[in-house]
Amino acid sequence: MNLKIDTIYAYAPNHKANYLMAAKKILVIEDDLSFLKTICNVLKVEGYLAILANSGGEGIQKAYEHAPDLILCDVTMQPIDGYQTFKILQESSLTKRIPFIFITGRSTLNDIRFGLDLGADDYIVKPFQNEDLVKSIQTRLEKYEYLINVGRSKYETFIEYSPNGIFLFDESTIYEANKAFRRILGADIEDICSGCFRDIVLAQNKKSFDENISRCMRGVINSFQEKVMIRNVDGINEKYILHAAPSIKYNGFSLLTGLLVHVKEDTSQSSQIAVRKLVNILKEEDIRVTNHLLGKLNEEFNNRRQKKKRETGNVITSEIEFSTREMEVLELSCQGLPMKAIAEELCISGRTVESHRASLMEKTSSKNIVELIIYAIKEDLIKI
């Protein structure tokens with residue numbers, strides 16, 4: 001008798017995992033069709049989405065195809081047994097981190113030890129109580145989800161505090177943008193995401209740019225780079241090189257992640273851009289920038305002194321000497337990073353950062369961090 005094995009969509013009344021989009025996918029690899037049906041029913045009641053395979057080869061194929069959240073696998077199968085199935089899936093970066101539980105009638109201590117020594121997350125011996133299976137699944141899923149969330153949180157923190165502009169986009173819309181990108185545009189995330197991509201990112205060769213975006217979203221190419229102009233809210237265009245690569249997959253195509261690398265401008269335009277960036281930093285600190293103050297800033301930057309020579313280990317401007325660490329703190333401060341982020345970036349304590357800032361303000365006779373930033377930019381100590 002041939003029994004069609006396919007995906008079983010879970011529905012369990014009054015269960016917290018009932019929503020199909022949120023249901024966890026469990027791949028069950030088992031050659032005993034009766035036992036396979038039993039496990040399927042258990043998973044269905046618990047609100048999981050069951051993906052069924054009645055051989056090791058089919059299980060490997062469906063693991064790649066469906067990217068399940070967890071795999072239950074029998075050991076005694078032919079021609080590819082459970083141990084071989086596990087080893088093959090461990091060789092791929094796409095499947096090696098998926099929680100894996102062996103289910104088998106082999107109950108000797110050596111069998112259990114062998115399965116766990118391979119790297120499996122659990123080893124359940126038949127016959128077993130359904131509650132034990134469900135508990136093992138929940139425990140492994142919760143542990144895996146915790147690790148994923150920790151990794152995602154650290155990744156998002158890295159993105160948010162990166163000094164480079166990073167954003168998520170397609171050919172018409174910008175969906176997310178980090179702090180550096182928001183500062184480049186001088187706009188809030190709501191304004192960026194509500195605007196048109198073409199009003200913000202302007203390419204020299206529009207046809208080539210559009211083609212590269214389309215091909216990258218469809219997976220034809222892995223990445224591309226393009227010279228673009230980024231237009232801020234004040235209508236000022238600034239040159240960047242955009243590096244783009246596929247990111248989040250959605251309905252057969254991928255959204256793209258973009259990273260902007262600044263292209264050095266001529267002196268007059270560079271001064272204008274520096275003033276605008278400084279104004280954005282002041283606004284972030286809730287400091288009101290009047291037209292009078294803006295005029296003074298433009299005057300200072302247009303008459304900025306020639307760049308001072310930098311010596312190895314220390315920087316000397318006029319008669320003031322700064323240590324290398326002070327310069328690192330100064331540069332990150334001018335990028336708008338808070339004290340905690342500076343401490344993490346330099347692997348020092350927040351108290352040490354505060355000490356370096358106090359020393360910098362004392363050496364430059366600055367009353368606060370804003371005056372220190374103005375001094376640093378006017379003396380051409382840093383580039384923002």
# chains A, B, ... in the order shown; residues from 1 in each chain; ligands from 1
>>> select_by_dssp(residues="stretch 7-209 of chain A", states="strand (DSSP E or B)", output="VMD selection string")
chain A and resid 7 to 8 25 to 29 49 to 53 70 to 74 100 to 104 122 to 125 165 to 169 174 to 177 201 to 203
>>> residues_around(residues="A:Thr76", least_positions_apart="4", cutoff="9 Å", atoms="only C-alpha atoms", output="JSON list (two decimals) with C-alpha atoms, in the first residue's frame")
[["chain", "number", "residue", "atom", "x", "y", "z"],
["A", 30, "GLU", "CA", 10.46, 7.72, 10.13],
["A", 31, "ASP", "CA", 10.03, 4.61, 7.91],
["A", 80, "ILE", "CA", 20.36, 5.64, 4.88],
["A", 81, "ASP", "CA", 19.97, 5.26, 8.63],
["A", 82, "GLY", "CA", 19.39, 8.02, 11.17],
["A", 83, "TYR", "CA", 23.05, 8.40, 12.09],
["A", 104, "THR", "CA", 14.60, 4.76, 18.28],
["A", 105, "GLY", "CA", 13.97, 1.37, 19.83],
["A", 106, "ARG", "CA", 17.68, 0.97, 20.57]]
>>> residues_around(residues="A:Asp69", least_positions_apart="5", cutoff="8 Å", atoms="only C-alpha atoms", output="PDB file with N, CA and C atoms, in the first residue's frame")
ATOM      1  N   LYS A  24       5.635  26.416  14.533  1.00  0.00           N
ATOM      2  CA  LYS A  24       6.966  25.858  14.346  1.00  0.00           C
ATOM      3  C   LYS A  24       6.889  24.639  13.437  1.00  0.00           C
ATOM      4  N   LYS A  25       7.865  24.511  12.547  1.00  0.00           N
ATOM      5  CA  LYS A  25       7.896  23.382  11.609  1.00  0.00           C
ATOM      6  C   LYS A  25       8.761  22.258  12.178  1.00  0.00           C
ATOM      7  N   ILE A  26       8.174  21.071  12.279  1.00  0.00           N
ATOM      8  CA  ILE A  26       8.883  19.894  12.777  1.00  0.00           C
ATOM      9  C   ILE A  26       8.984  18.873  11.644  1.00  0.00           C
ATOM     10  N   LEU A  27      10.204  18.529  11.268  1.00  0.00           N
ATOM     11  CA  LEU A  27      10.424  17.491  10.257  1.00  0.00           C
ATOM     12  C   LEU A  27      10.540  16.145  10.973  1.00  0.00           C
ATOM     13  N   ILE A  98      20.082  23.168  13.208  1.00  0.00           N
ATOM     14  CA  ILE A  98      18.703  22.795  13.521  1.00  0.00           C
ATOM     15  C   ILE A  98      18.708  21.762  14.653  1.00  0.00           C
ATOM     16  N   PRO A  99      17.945  21.995  15.735  1.00  0.00           N
ATOM     17  CA  PRO A  99      17.871  21.007  16.817  1.00  0.00           C
ATOM     18  C   PRO A  99      17.458  19.632  16.268  1.00  0.00           C
ATOM     19  N   LEU A 141      13.397  23.703  21.350  1.00  0.00           N
ATOM     20  CA  LEU A 141      12.973  24.883  20.595  1.00  0.00           C
ATOM     21  C   LEU A 141      13.211  26.162  21.394  1.00  0.00           C
TER      22      LEU A 141
END
>>> closest_residue(among="A:Ile29, A:Val228, A:Ile287, A:Ala23", to="A:Gln61", atoms="only C-alpha atoms")
A:Ile29
>>> residues_around(residues="stretch 319-330 of chain A", least_positions_apart="6", cutoff="7 Å", atoms="only C-alpha atoms", output="PyMOL selection string")
chain A and resi 313+342+353+356+360+363
>>> write_last_selection(atoms="C-alpha atoms", output="PDB file, in the first residue's frame")
ATOM      1  CA  GLY A 313      51.097  57.772  18.715  1.00  0.00           C
ATOM      2  CA  ILE A 342      32.121  54.249  22.963  1.00  0.00           C
ATOM      3  CA  VAL A 353      35.544  57.288  28.620  1.00  0.00           C
ATOM      4  CA  HIS A 356      39.140  61.037  28.577  1.00  0.00           C
ATOM      5  CA  LEU A 360      39.814  66.680  26.216  1.00  0.00           C
ATOM      6  CA  LYS A 363      42.861  70.809  27.124  1.00  0.00           C
TER       7      LYS A 363
END
